[in-house]
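Undergrad: My structure file work_36.pdb, PDB, C-alpha atoms, is below:
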MODEL        1
ATOM      1  CA  MET X 191     -25.197  17.572 -66.374  1.00  0.00           C
ATOM      2  CA  VAL X 192     -24.888  14.873 -63.772  1.00  0.00           C
ATOM      3  CA  ARG X 193     -22.534  14.602 -60.807  1.00  0.00           C
ATOM      4  CA  GLY X 194     -20.593  11.670 -59.447  1.00  0.00           C
ATOM      5  CA  THR X 195     -17.169  10.437 -58.395  1.00  0.00           C
ATOM      6  CA  ILE X 196     -14.134   9.505 -60.446  1.00  0.00           C
ATOM      7  CA  ARG X 197     -11.631   7.092 -58.861  1.00  0.00           C
ATOM      8  CA  TYR X 198      -8.044   6.811 -60.012  1.00  0.00           C
ATOM      9  CA  TRP X 199      -5.969   3.670 -59.456  1.00  0.00           C
ATOM     10  CA  ALA X 200      -2.212   2.982 -59.395  1.00  0.00           C
ATOM     11  CA  ALA X 201      -0.335   5.051 -62.011  1.00  0.00           C
ATOM     12  CA  ALA X 202      -3.456   7.096 -62.737  1.00  0.00           C
ATOM     13  CA  ARG X 203      -3.786   7.898 -59.058  1.00  0.00           C
ATOM     14  CA  ALA X 204      -0.119   8.902 -58.895  1.00  0.00           C
ATOM     15  CA  GLU X 205      -0.405  11.246 -61.889  1.00  0.00           C
ATOM     16  CA  ALA X 206      -3.796  12.620 -60.843  1.00  0.00           C
ATOM     17  CA  GLY X 207      -2.407  13.437 -57.409  1.00  0.00           C
ATOM     18  CA  THR X 208      -5.581  12.142 -55.821  1.00  0.00           C
ATOM     19  CA  ALA X 209      -7.441   8.876 -55.363  1.00  0.00           C
ATOM     20  CA  GLU X 210     -10.792  10.394 -56.239  1.00  0.00           C
ATOM     21  CA  GLU X 211     -12.553  13.604 -57.094  1.00  0.00           C
ATOM     22  CA  PRO X 212     -16.071  14.706 -57.990  1.00  0.00           C
ATOM     23  CA  PHE X 213     -17.106  14.941 -61.631  1.00  0.00           C
ATOM     24  CA  VAL X 214     -19.709  16.931 -63.514  1.00  0.00           C
ATOM     25  CA  GLY X 215     -20.605  15.884 -67.055  1.00  0.00           C
ATOM     26  CA  ASP X 216     -22.972  13.895 -69.212  1.00  0.00           C
ATOM     27  CA  THR X 217     -20.602  11.377 -70.775  1.00  0.00           C
ATOM     28  CA  LEU X 218     -17.368   9.634 -69.872  1.00  0.00           C
ATOM     29  CA  GLY X 219     -15.639  11.554 -72.653  1.00  0.00           C
ATOM     30  CA  ASP X 220     -16.756  14.904 -71.199  1.00  0.00           C
ATOM     31  CA  VAL X 221     -15.425  14.049 -67.758  1.00  0.00           C
ATOM     32  CA  LEU X 222     -12.089  12.766 -69.048  1.00  0.00           C
ATOM     33  CA  SER X 223     -11.617  15.908 -71.131  1.00  0.00           C
ATOM     34  CA  VAL X 224     -12.115  18.062 -68.057  1.00  0.00           C
ATOM     35  CA  ALA X 225      -9.738  15.879 -66.024  1.00  0.00           C
ATOM     36  CA  ARG X 226      -7.061  16.066 -68.751  1.00  0.00           C
ATOM     37  CA  ALA X 227      -7.413  19.817 -69.113  1.00  0.00           C
ATOM     38  CA  ALA X 228      -6.744  20.239 -65.410  1.00  0.00           C
ATOM     39  CA  ARG X 229      -3.435  18.345 -65.530  1.00  0.00           C
ATOM     40  CA  GLY X 230      -0.231  17.937 -67.462  1.00  0.00           C
ATOM     41  CA  PRO X 231       0.810  15.718 -70.364  1.00  0.00           C
ATOM     42  CA  ALA X 232       2.068  12.917 -68.081  1.00  0.00           C
ATOM     43  CA  PHE X 233      -1.481  12.398 -66.831  1.00  0.00           C
ATOM     44  CA  SER X 234      -2.831  12.334 -70.389  1.00  0.00           C
ATOM     45  CA  ARG X 235      -0.195   9.759 -71.399  1.00  0.00           C
ATOM     46  CA  VAL X 236      -1.271   7.437 -68.586  1.00  0.00           C
ATOM     47  CA  LEU X 237      -4.946   7.979 -69.385  1.00  0.00           C
ATOM     48  CA  ALA X 238      -4.305   6.923 -72.989  1.00  0.00           C
ATOM     49  CA  HIS X 239      -3.471   3.405 -71.756  1.00  0.00           C
ATOM     50  CA  CYS X 240      -6.243   3.069 -69.181  1.00  0.00           C
ATOM     51  CA  THR X 241      -9.542   1.277 -69.271  1.00  0.00           C
ATOM     52  CA  PHE X 242     -12.582   2.892 -67.729  1.00  0.00           C
ATOM     53  CA  LEU X 243     -15.390   1.403 -65.690  1.00  0.00           C
ATOM     54  CA  VAL X 244     -18.650   3.327 -65.442  1.00  0.00           C
ATOM     55  CA  ASP X 245     -20.602   1.927 -62.499  1.00  0.00           C
ATOM     56  CA  GLY X 246     -18.661  -1.316 -62.861  1.00  0.00           C
ATOM     57  CA  VAL X 247     -19.055  -1.736 -66.617  1.00  0.00           C
ATOM     58  CA  ARG X 248     -16.348  -0.972 -69.169  1.00  0.00           C
ATOM     59  CA  GLY X 249     -17.161   2.290 -70.936  1.00  0.00           C
ATOM     60  CA  GLY X 250     -16.031   4.479 -73.830  1.00  0.00           C
ATOM     61  CA  PRO X 251     -16.161   8.215 -74.558  1.00  0.00           C
ATOM     62  CA  ALA X 252     -19.884   8.147 -75.405  1.00  0.00           C
ATOM     63  CA  THR X 253     -20.913   6.183 -72.311  1.00  0.00           C
ATOM     64  CA  PRO X 254     -23.613   8.177 -70.506  1.00  0.00           C
ATOM     65  CA  LEU X 255     -23.253   8.983 -66.820  1.00  0.00           C
ATOM     66  CA  VAL X 256     -25.872   8.950 -64.096  1.00  0.00           C
ATOM     67  CA  ASP X 257     -26.200  11.056 -60.963  1.00  0.00           C
ATOM     68  CA  GLY X 258     -24.171   9.584 -58.129  1.00  0.00           C
ATOM     69  CA  GLY X 259     -22.307   7.327 -60.518  1.00  0.00           C
ATOM     70  CA  VAL X 260     -18.708   6.164 -60.211  1.00  0.00           C
ATOM     71  CA  ILE X 261     -16.051   6.218 -62.922  1.00  0.00           C
ATOM     72  CA  GLU X 262     -12.964   4.077 -62.305  1.00  0.00           C
ATOM     73  CA  VAL X 263      -9.697   4.669 -64.141  1.00  0.00           C
ATOM     74  CA  LEU X 264      -7.664   1.453 -64.404  1.00  0.00           C
ATOM     75  CA  PRO X 265      -4.114   1.435 -65.818  1.00  0.00           C
ATOM     76  CA  PRO X 266      -2.756  -1.758 -67.441  1.00  0.00           C
ATOM     77  CA  PHE X 267      -2.273  -4.634 -64.994  1.00  0.00           C
ATOM     78  CA  ALA X 268       1.196  -5.741 -63.945  1.00  0.00           C
ATOM     79  CA  GLY X 269       1.406  -8.789 -66.175  1.00  0.00           C
ATOM     80  CA  GLY X 270      -0.664  -7.667 -69.109  1.00  0.00           C
ATOM     81  CA  SER X 271       2.233  -7.146 -71.471  1.00  0.00           C
ATOM     82  CA  GLY X 272       5.908  -7.707 -71.923  1.00  0.00           C
ATOM     83  CA  GLN X 273       7.938 -10.837 -71.354  1.00  0.00           C
ATOM     84  CA  VAL X 274       6.480 -14.032 -69.969  1.00  0.00           C
TER      85      VAL X 274
ATOM     86  CA  MET T 114     -26.286 -32.724 -34.388  1.00  0.00           C
ATOM     87  CA  THR T 115     -23.486 -34.886 -35.711  1.00  0.00           C
ATOM     88  CA  THR T 116     -22.435 -34.358 -39.277  1.00  0.00           C
ATOM     89  CA  VAL T 117     -20.279 -36.545 -41.396  1.00  0.00           C
ATOM     90  CA  PRO T 118     -17.877 -34.563 -43.562  1.00  0.00           C
ATOM     91  CA  ASP T 119     -18.891 -34.839 -47.175  1.00  0.00           C
ATOM     92  CA  PRO T 120     -15.833 -34.406 -49.416  1.00  0.00           C
ATOM     93  CA  SER T 121     -17.928 -33.198 -52.336  1.00  0.00           C
ATOM     94  CA  ALA T 122     -19.638 -30.581 -50.176  1.00  0.00           C
ATOM     95  CA  ALA T 123     -16.346 -29.465 -48.671  1.00  0.00           C
ATOM     96  CA  SER T 124     -14.848 -29.010 -52.138  1.00  0.00           C
ATOM     97  CA  PRO T 125     -17.629 -27.946 -54.480  1.00  0.00           C
ATOM     98  CA  SER T 126     -15.116 -27.429 -57.253  1.00  0.00           C
ATOM     99  CA  ALA T 127     -11.500 -27.944 -58.109  1.00  0.00           C
ATOM    100  CA  ILE T 128     -10.711 -24.520 -56.679  1.00  0.00           C
ATOM    101  CA  ARG T 129      -9.187 -25.211 -53.283  1.00  0.00           C
ATOM    102  CA  LEU T 130      -7.510 -21.949 -52.324  1.00  0.00           C
ATOM    103  CA  LEU T 131      -7.513 -18.399 -53.658  1.00  0.00           C
ATOM    104  CA  GLY T 132      -6.179 -15.347 -51.928  1.00  0.00           C
ATOM    105  CA  VAL T 133      -4.714 -11.867 -52.134  1.00  0.00           C
ATOM    106  CA  ARG T 134      -2.627 -11.162 -49.055  1.00  0.00           C
ATOM    107  CA  ASP T 135      -0.532  -8.441 -47.487  1.00  0.00           C
ATOM    108  CA  HIS T 136       1.768 -10.876 -45.692  1.00  0.00           C
ATOM    109  CA  ALA T 137       4.304 -13.540 -46.688  1.00  0.00           C
ATOM    110  CA  LEU T 138       3.066 -16.355 -48.929  1.00  0.00           C
ATOM    111  CA  SER T 139       3.693 -20.046 -48.249  1.00  0.00           C
ATOM    112  CA  VAL T 140       4.487 -22.472 -51.059  1.00  0.00           C
ATOM    113  CA  ASP T 141       3.761 -25.340 -48.653  1.00  0.00           C
ATOM    114  CA  GLU T 142       0.262 -24.022 -48.009  1.00  0.00           C
ATOM    115  CA  VAL T 143      -0.523 -23.851 -51.724  1.00  0.00           C
ATOM    116  CA  LEU T 144       0.893 -27.328 -52.393  1.00  0.00           C
ATOM    117  CA  ALA T 145      -1.091 -28.740 -49.474  1.00  0.00           C
ATOM    118  CA  ALA T 146      -4.251 -27.131 -50.860  1.00  0.00           C
ATOM    119  CA  VAL T 147      -4.010 -29.034 -54.156  1.00  0.00           C
ATOM    120  CA  ALA T 148      -2.950 -32.342 -52.615  1.00  0.00           C
ATOM    121  CA  ASP T 149      -5.363 -35.082 -53.648  1.00  0.00           C
ATOM    122  CA  GLY T 150      -5.204 -38.848 -53.722  1.00  0.00           C
ATOM    123  CA  ALA T 151      -6.387 -38.833 -57.339  1.00  0.00           C
ATOM    124  CA  ALA T 152      -3.495 -36.655 -58.474  1.00  0.00           C
ATOM    125  CA  GLY T 153      -0.565 -38.119 -60.347  1.00  0.00           C
ATOM    126  CA  GLY T 154       1.203 -34.828 -60.899  1.00  0.00           C
ATOM    127  CA  THR T 155       1.344 -31.390 -59.357  1.00  0.00           C
ATOM    128  CA  THR T 156       2.841 -28.307 -60.989  1.00  0.00           C
ATOM    129  CA  VAL T 157       3.652 -25.230 -58.929  1.00  0.00           C
ATOM    130  CA  PHE T 158       4.781 -21.835 -60.124  1.00  0.00           C
ATOM    131  CA  VAL T 159       6.454 -19.404 -57.734  1.00  0.00           C
ATOM    132  CA  GLY T 160       6.944 -15.793 -58.833  1.00  0.00           C
ATOM    133  CA  THR T 161       9.598 -13.835 -56.931  1.00  0.00           C
ATOM    134  CA  VAL T 162      10.813 -10.245 -56.926  1.00  0.00           C
ATOM    135  CA  ARG T 163      13.762  -9.900 -59.301  1.00  0.00           C
ATOM    136  CA  ASP T 164      16.729  -7.660 -58.448  1.00  0.00           C
ATOM    137  CA  SER T 165      16.718  -5.936 -61.830  1.00  0.00           C
ATOM    138  CA  ASP T 166      14.395  -5.063 -64.664  1.00  0.00           C
ATOM    139  CA  GLU T 167      15.710  -4.530 -68.178  1.00  0.00           C
ATOM    140  CA  GLY T 168      19.200  -4.113 -66.751  1.00  0.00           C
ATOM    141  CA  ARG T 169      18.299  -1.577 -64.088  1.00  0.00           C
ATOM    142  CA  PRO T 170      18.788  -2.501 -60.414  1.00  0.00           C
ATOM    143  CA  VAL T 171      15.467  -2.654 -58.563  1.00  0.00           C
ATOM    144  CA  THR T 172      15.527  -1.425 -54.977  1.00  0.00           C
ATOM    145  CA  SER T 173      11.900  -1.887 -53.982  1.00  0.00           C
ATOM    146  CA  LEU T 174       8.638  -3.043 -55.404  1.00  0.00           C
ATOM    147  CA  GLY T 175       5.019  -2.662 -54.436  1.00  0.00           C
ATOM    148  CA  TYR T 176       1.873  -4.435 -55.565  1.00  0.00           C
ATOM    149  CA  SER T 177      -1.552  -2.874 -55.209  1.00  0.00           C
ATOM    150  CA  ALA T 178      -4.934  -4.264 -56.167  1.00  0.00           C
ATOM    151  CA  HIS T 179      -8.391  -3.083 -57.153  1.00  0.00           C
ATOM    152  CA  PRO T 180     -11.206  -4.054 -54.744  1.00  0.00           C
ATOM    153  CA  SER T 181     -12.555  -6.444 -57.406  1.00  0.00           C
ATOM    154  CA  VAL T 182      -9.326  -8.466 -57.300  1.00  0.00           C
ATOM    155  CA  GLU T 183     -10.697 -11.501 -55.461  1.00  0.00           C
ATOM    156  CA  ASN T 184     -13.767 -11.750 -57.686  1.00  0.00           C
ATOM    157  CA  VAL T 185     -11.669 -11.544 -60.845  1.00  0.00           C
ATOM    158  CA  LEU T 186      -9.168 -14.080 -59.481  1.00  0.00           C
ATOM    159  CA  ARG T 187     -12.054 -16.457 -58.877  1.00  0.00           C
ATOM    160  CA  GLU T 188     -13.383 -15.944 -62.407  1.00  0.00           C
ATOM    161  CA  VAL T 189      -9.934 -16.670 -63.853  1.00  0.00           C
ATOM    162  CA  ALA T 190      -9.596 -19.795 -61.707  1.00  0.00           C
ATOM    163  CA  GLU T 191     -13.060 -20.994 -62.699  1.00  0.00           C
ATOM    164  CA  ARG T 192     -12.254 -20.616 -66.397  1.00  0.00           C
ATOM    165  CA  VAL T 193      -9.004 -22.555 -66.032  1.00  0.00           C
ATOM    166  CA  ALA T 194     -10.737 -25.281 -64.008  1.00  0.00           C
ATOM    167  CA  ALA T 195     -13.434 -25.536 -66.686  1.00  0.00           C
ATOM    168  CA  ALA T 196     -11.007 -25.577 -69.617  1.00  0.00           C
ATOM    169  CA  HIS T 197      -8.519 -28.152 -68.293  1.00  0.00           C
ATOM    170  CA  PRO T 198      -8.880 -31.599 -66.678  1.00  0.00           C
ATOM    171  CA  VAL T 199      -7.551 -30.495 -63.310  1.00  0.00           C
ATOM    172  CA  ILE T 200      -8.175 -32.177 -59.984  1.00  0.00           C
ATOM    173  CA  ALA T 201      -7.382 -29.133 -57.894  1.00  0.00           C
ATOM    174  CA  LEU T 202      -5.938 -25.674 -58.256  1.00  0.00           C
ATOM    175  CA  ALA T 203      -4.866 -22.871 -55.964  1.00  0.00           C
ATOM    176  CA  ALA T 204      -3.520 -19.345 -56.379  1.00  0.00           C
ATOM    177  CA  VAL T 205      -2.356 -16.676 -53.940  1.00  0.00           C
ATOM    178  CA  HIS T 206      -0.913 -13.254 -54.735  1.00  0.00           C
ATOM    179  CA  ARG T 207       0.918 -10.856 -52.470  1.00  0.00           C
ATOM    180  CA  VAL T 208       0.153  -7.147 -52.225  1.00  0.00           C
ATOM    181  CA  GLY T 209       2.049  -4.395 -50.406  1.00  0.00           C
ATOM    182  CA  ASP T 210       5.756  -3.626 -50.282  1.00  0.00           C
ATOM    183  CA  LEU T 211       8.094  -6.479 -51.197  1.00  0.00           C
ATOM    184  CA  ALA T 212      11.865  -6.958 -51.136  1.00  0.00           C
ATOM    185  CA  VAL T 213      14.074  -8.684 -53.695  1.00  0.00           C
ATOM    186  CA  GLY T 214      13.588 -12.435 -53.400  1.00  0.00           C
ATOM    187  CA  ASP T 215      10.165 -12.229 -51.765  1.00  0.00           C
ATOM    188  CA  ILE T 216       7.455 -14.443 -53.178  1.00  0.00           C
ATOM    189  CA  ALA T 217       4.924 -12.379 -55.134  1.00  0.00           C
ATOM    190  CA  VAL T 218       2.646 -15.149 -56.392  1.00  0.00           C
ATOM    191  CA  VAL T 219       2.177 -18.896 -56.002  1.00  0.00           C
ATOM    192  CA  VAL T 220      -0.107 -21.007 -58.169  1.00  0.00           C
ATOM    193  CA  ALA T 221      -0.415 -24.786 -58.241  1.00  0.00           C
ATOM    194  CA  VAL T 222      -2.426 -27.344 -60.153  1.00  0.00           C
ATOM    195  CA  SER T 223      -2.799 -31.066 -59.571  1.00  0.00           C
ATOM    196  CA  SER T 224      -3.988 -33.433 -62.286  1.00  0.00           C
ATOM    197  CA  ALA T 225      -4.087 -37.107 -63.014  1.00  0.00           C
ATOM    198  CA  HIS T 226      -1.077 -36.710 -65.327  1.00  0.00           C
ATOM    199  CA  ARG T 227       1.801 -34.253 -65.493  1.00  0.00           C
ATOM    200  CA  GLY T 228       1.048 -32.859 -68.952  1.00  0.00           C
ATOM    201  CA  GLU T 229      -2.334 -31.596 -67.877  1.00  0.00           C
ATOM    202  CA  ALA T 230      -0.865 -30.137 -64.696  1.00  0.00           C
ATOM    203  CA  PHE T 231       1.838 -28.221 -66.605  1.00  0.00           C
ATOM    204  CA  THR T 232      -0.611 -26.895 -69.202  1.00  0.00           C
ATOM    205  CA  ALA T 233      -3.216 -25.795 -66.679  1.00  0.00           C
ATOM    206  CA  CYS T 234      -0.634 -24.232 -64.357  1.00  0.00           C
ATOM    207  CA  ARG T 235       0.770 -22.188 -67.258  1.00  0.00           C
ATOM    208  CA  ALA T 236      -2.740 -21.043 -68.198  1.00  0.00           C
ATOM    209  CA  LEU T 237      -3.500 -20.127 -64.592  1.00  0.00           C
ATOM    210  CA  ILE T 238      -0.425 -17.945 -64.059  1.00  0.00           C
ATOM    211  CA  ASP T 239      -0.646 -16.320 -67.516  1.00  0.00           C
ATOM    212  CA  ASP T 240      -4.344 -15.491 -67.150  1.00  0.00           C
ATOM    213  CA  LEU T 241      -3.838 -14.313 -63.594  1.00  0.00           C
ATOM    214  CA  LYS T 242      -1.056 -11.931 -64.661  1.00  0.00           C
ATOM    215  CA  SER T 243      -2.939 -10.488 -67.622  1.00  0.00           C
ATOM    216  CA  GLN T 244      -6.476 -10.296 -66.219  1.00  0.00           C
ATOM    217  CA  VAL T 245      -6.386  -9.896 -62.444  1.00  0.00           C
ATOM    218  CA  PRO T 246      -6.372  -6.200 -61.444  1.00  0.00           C
ATOM    219  CA  ILE T 247      -3.011  -5.991 -59.682  1.00  0.00           C
ATOM    220  CA  TRP T 248      -0.509  -3.213 -60.336  1.00  0.00           C
ATOM    221  CA  LYS T 249       3.242  -3.273 -59.831  1.00  0.00           C
ATOM    222  CA  HIS T 250       5.317  -0.218 -58.980  1.00  0.00           C
ATOM    223  CA  GLN T 251       9.109  -0.507 -59.166  1.00  0.00           C
ATOM    224  CA  SER T 252      11.734   1.815 -57.728  1.00  0.00           C
ATOM    225  CA  PHE T 253      15.256   1.755 -59.140  1.00  0.00           C
ATOM    226  CA  ALA T 254      18.686   2.378 -57.649  1.00  0.00           C
ATOM    227  CA  ASP T 255      19.061   5.573 -59.712  1.00  0.00           C
ATOM    228  CA  GLY T 256      16.029   7.093 -57.971  1.00  0.00           C
ATOM    229  CA  SER T 257      13.600   6.624 -60.845  1.00  0.00           C
ATOM    230  CA  ASP T 258      10.423   4.588 -60.654  1.00  0.00           C
ATOM    231  CA  GLU T 259       7.852   3.086 -62.965  1.00  0.00           C
ATOM    232  CA  TRP T 260       4.461   1.432 -63.071  1.00  0.00           C
ATOM    233  CA  VAL T 261       4.913  -1.879 -64.856  1.00  0.00           C
ATOM    234  CA  GLY T 262       2.665  -2.282 -67.882  1.00  0.00           C
ATOM    235  CA  LEU T 263       2.783   1.330 -69.011  1.00  0.00           C
ATOM    236  CA  PRO T 264       4.978   2.049 -72.048  1.00  0.00           C
TER     237      PRO T 264
ENDMDL
END
Kindly present the structure from the file in structure tokens form.

TA:
Amino acid sequence: MVRGTIRYWAAARAEAGTAEEPFVGDTLGDVLSVARAARGPAFSRVLAHCTFLVDGVRGGPATPLVDGGVIEVLPPFAGGSGQV
Amino acid sequence: MTTVPDPSAASPSAIRLLGVRDHALSVDEVLAAVADGAAGGTTVFVGTVRDSDEGRPVTSLGYSAHPSVENVLREVAERVAAAHPVIALAAVHRVGDLAVGDIAVVVAVSSAHRGEAFTACRALIDDLKSQVPIWKHQSFADGSDEWVGLP
């Protein structure tokens, strides 16, 4: 298991109740499961629409983590959907 | 040492002004940035804070950005400049707390002809809105709030 930092932005930050927290886990999927388990359904709903950066690169559930790494949780951007 | 200004060195590309700012934006500044003797047409888009969203009165609105925002804005601008025959382009976006009527974003493009300016300006604002990591949080008169972009 490796340790690092997970950073929440915008709506994810609001639902997480924190801008960042430490993580322990081997993959992005592991860490997100732990984060979801610690919070309510509203947080999980936001997470379902987020993209994830692992050390600056977009990642998925199987993306491996490295010690001291940073996961960023990015909700959809303001103009990414809806009316134009 | 005396140096003679070299226009090509001063403007290595068509991108004349990009910014993400926590204070009021100026349309005049953006228009001045794309002014060029070779331009026959300039298109400017000004995005402002609307007083309602889907019928609900908006009382306040905040924009926040990821630290990568300026790099991504530059990438978007570079792609638009490469894809369209523009002479100059500029884009600035506001962050922080805004009031109804405040300017949230200004983009402008100058081209030899108006058609190119309209097309490139539309591409610039659409790509900026969909790709640049800026989030919008709205508060409504009934006390509710939402993050725009989430269902």

Undergrad: Give me, please, the distance in Å between CA of Phe213 in chain X and CA of Gly259 in chain X, quoted to one decimal.

TA: 9.3 Å

Undergrad: Could you list the residues chosen by the PyMOL selection byres ((chain X) within 12 of (chain T)) in this structure as a PDB file with C-alpha atoms, in the frame of the given file?

TA:
ATOM      1  CA  ARG X 197     -11.631   7.092 -58.861  1.00  0.00           C
ATOM      2  CA  TYR X 198      -8.044   6.811 -60.012  1.00  0.00           C
ATOM      3  CA  TRP X 199      -5.969   3.670 -59.456  1.00  0.00           C
ATOM      4  CA  ALA X 200      -2.212   2.982 -59.395  1.00  0.00           C
ATOM      5  CA  ALA X 201      -0.335   5.051 -62.011  1.00  0.00           C
ATOM      6  CA  ALA X 202      -3.456   7.096 -62.737  1.00  0.00           C
ATOM      7  CA  ARG X 203      -3.786   7.898 -59.058  1.00  0.00           C
ATOM      8  CA  ALA X 204      -0.119   8.902 -58.895  1.00  0.00           C
ATOM      9  CA  GLU X 205      -0.405  11.246 -61.889  1.00  0.00           C
ATOM     10  CA  ALA X 232       2.068  12.917 -68.081  1.00  0.00           C
ATOM     11  CA  ARG X 235      -0.195   9.759 -71.399  1.00  0.00           C
ATOM     12  CA  VAL X 236      -1.271   7.437 -68.586  1.00  0.00           C
ATOM     13  CA  LEU X 237      -4.946   7.979 -69.385  1.00  0.00           C
ATOM     14  CA  ALA X 238      -4.305   6.923 -72.989  1.00  0.00           C
ATOM     15  CA  HIS X 239      -3.471   3.405 -71.756  1.00  0.00           C
ATOM     16  CA  CYS X 240      -6.243   3.069 -69.181  1.00  0.00           C
ATOM     17  CA  THR X 241      -9.542   1.277 -69.271  1.00  0.00           C
ATOM     18  CA  LEU X 243     -15.390   1.403 -65.690  1.00  0.00           C
ATOM     19  CA  GLY X 246     -18.661  -1.316 -62.861  1.00  0.00           C
ATOM     20  CA  GLU X 262     -12.964   4.077 -62.305  1.00  0.00           C
ATOM     21  CA  VAL X 263      -9.697   4.669 -64.141  1.00  0.00           C
ATOM     22  CA  LEU X 264      -7.664   1.453 -64.404  1.00  0.00           C
ATOM     23  CA  PRO X 265      -4.114   1.435 -65.818  1.00  0.00           C
ATOM     24  CA  PRO X 266      -2.756  -1.758 -67.441  1.00  0.00           C
ATOM     25  CA  PHE X 267      -2.273  -4.634 -64.994  1.00  0.00           C
ATOM     26  CA  ALA X 268       1.196  -5.741 -63.945  1.00  0.00           C
ATOM     27  CA  GLY X 269       1.406  -8.789 -66.175  1.00  0.00           C
ATOM     28  CA  GLY X 270      -0.664  -7.667 -69.109  1.00  0.00           C
ATOM     29  CA  SER X 271       2.233  -7.146 -71.471  1.00  0.00           C
ATOM     30  CA  GLY X 272       5.908  -7.707 -71.923  1.00  0.00           C
ATOM     31  CA  GLN X 273       7.938 -10.837 -71.354  1.00  0.00           C
ATOM     32  CA  VAL X 274       6.480 -14.032 -69.969  1.00  0.00           C
TER      33      VAL X 274
END

Undergrad: As an exercise, work out the distance from CA of Gly215 in chain X to CA of Thr195 in chain X in Å and give it to one decimal place.

TA: 10.8 Å

Undergrad: Work out how far CA of Val182 in chain T is from CA of Gly258 in chain X, in Å to one decimal.

TA: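 CA of Val182 in chain T lies at a distance of 23.4 Å from CA of Gly258 in chain X.
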
Undergrad: Taking 4 positions as the minimum chain separation for residues in the same chain, which residues sit within 7 Å of Ala212 in chain T when counting only C-alpha atoms? Answer as an NGL selection string.

TA: :T and (162 or 173-174)

Undergrad: Residue by residue, what does the PyMOL selection byres ((chain T and resi 232) around 10) grab here? Present the result as an MDAnalysis selection string.

TA: chainID T and resid 156 193 197:199 222 227:231 233:237

Undergrad: The PyMOL selection byres ((chain T and resi 215) around 8) - which residues does that actually catch in the file I just gave you? List them as a JSON list (two decimals) with C-alpha atoms, in the frame of the given file.

TA:
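Saved to expr.json:
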[["chain", "number", "residue", "atom", "x", "y", "z"],
["T", 137, "ALA", "CA", 4.30, -13.54, -46.69],
["T", 161, "THR", "CA", 9.60, -13.84, -56.93],
["T", 162, "VAL", "CA", 10.81, -10.24, -56.93],
["T", 211, "LEU", "CA", 8.09, -6.48, -51.20],
["T", 212, "ALA", "CA", 11.86, -6.96, -51.14],
["T", 213, "VAL", "CA", 14.07, -8.68, -53.70],
["T", 214, "GLY", "CA", 13.59, -12.44, -53.40],
["T", 216, "ILE", "CA", 7.46, -14.44, -53.18],
["T", 217, "ALA", "CA", 4.92, -12.38, -55.13]]

Undergrad: Please identify all polymer residues within 10 Å of Asp255 in chain T, counting all atoms listed in the file, omitting same-chain residues fewer than 3 positions from it, and present them as number ranges by chain.

TA: T: 169-172, 252, 258

Undergrad: Extending 4 Å beyond the listed atoms of range 171-183 of chain T on each side, what axis-aligned box results? I want centre and edge lengths in Å to one decimal, as AutoDock Vina command-line options.

TA:
--center_x 1.5 --center_y -6.5 --center_z -56.3 --size_x 36.1 --size_y 18.1 --size_z 12.6

Undergrad: Please identify all polymer residues within 6 Å of Asp135 in chain T, counting only C-alpha atoms, omitting same-chain residues fewer than 2 positions from it, and present them as number ranges by chain.

TA: T: 207-209

Undergrad: Residues at most 9 Å from Ala190 in chain T, counting all atoms listed in the file, excluding those fewer than 5 positions away in the same chain, as an mmCIF file with C-alpha atoms, in the frame of the given file?

TA:
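Contents of part.cif, as written:
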data_model
loop_
_atom_site.group_PDB
_atom_site.id
_atom_site.type_symbol
_atom_site.label_atom_id
_atom_site.label_comp_id
_atom_site.auth_asym_id
_atom_site.auth_seq_id
_atom_site.Cartn_x
_atom_site.Cartn_y
_atom_site.Cartn_z
ATOM 1 C CA ILE T 128 -10.711 -24.520 -56.679
ATOM 2 C CA LEU T 131 -7.513 -18.399 -53.658
ATOM 3 C CA VAL T 185 -11.669 -11.544 -60.845
ATOM 4 C CA ALA T 195 -13.434 -25.536 -66.686
ATOM 5 C CA LEU T 202 -5.938 -25.674 -58.256
ATOM 6 C CA ALA T 203 -4.866 -22.871 -55.964
ATOM 7 C CA ALA T 204 -3.520 -19.345 -56.379
ATOM 8 C CA LEU T 237 -3.500 -20.127 -64.592
ATOM 9 C CA ASP T 240 -4.344 -15.491 -67.150
ATOM 10 C CA LEU T 241 -3.838 -14.313 -63.594
#
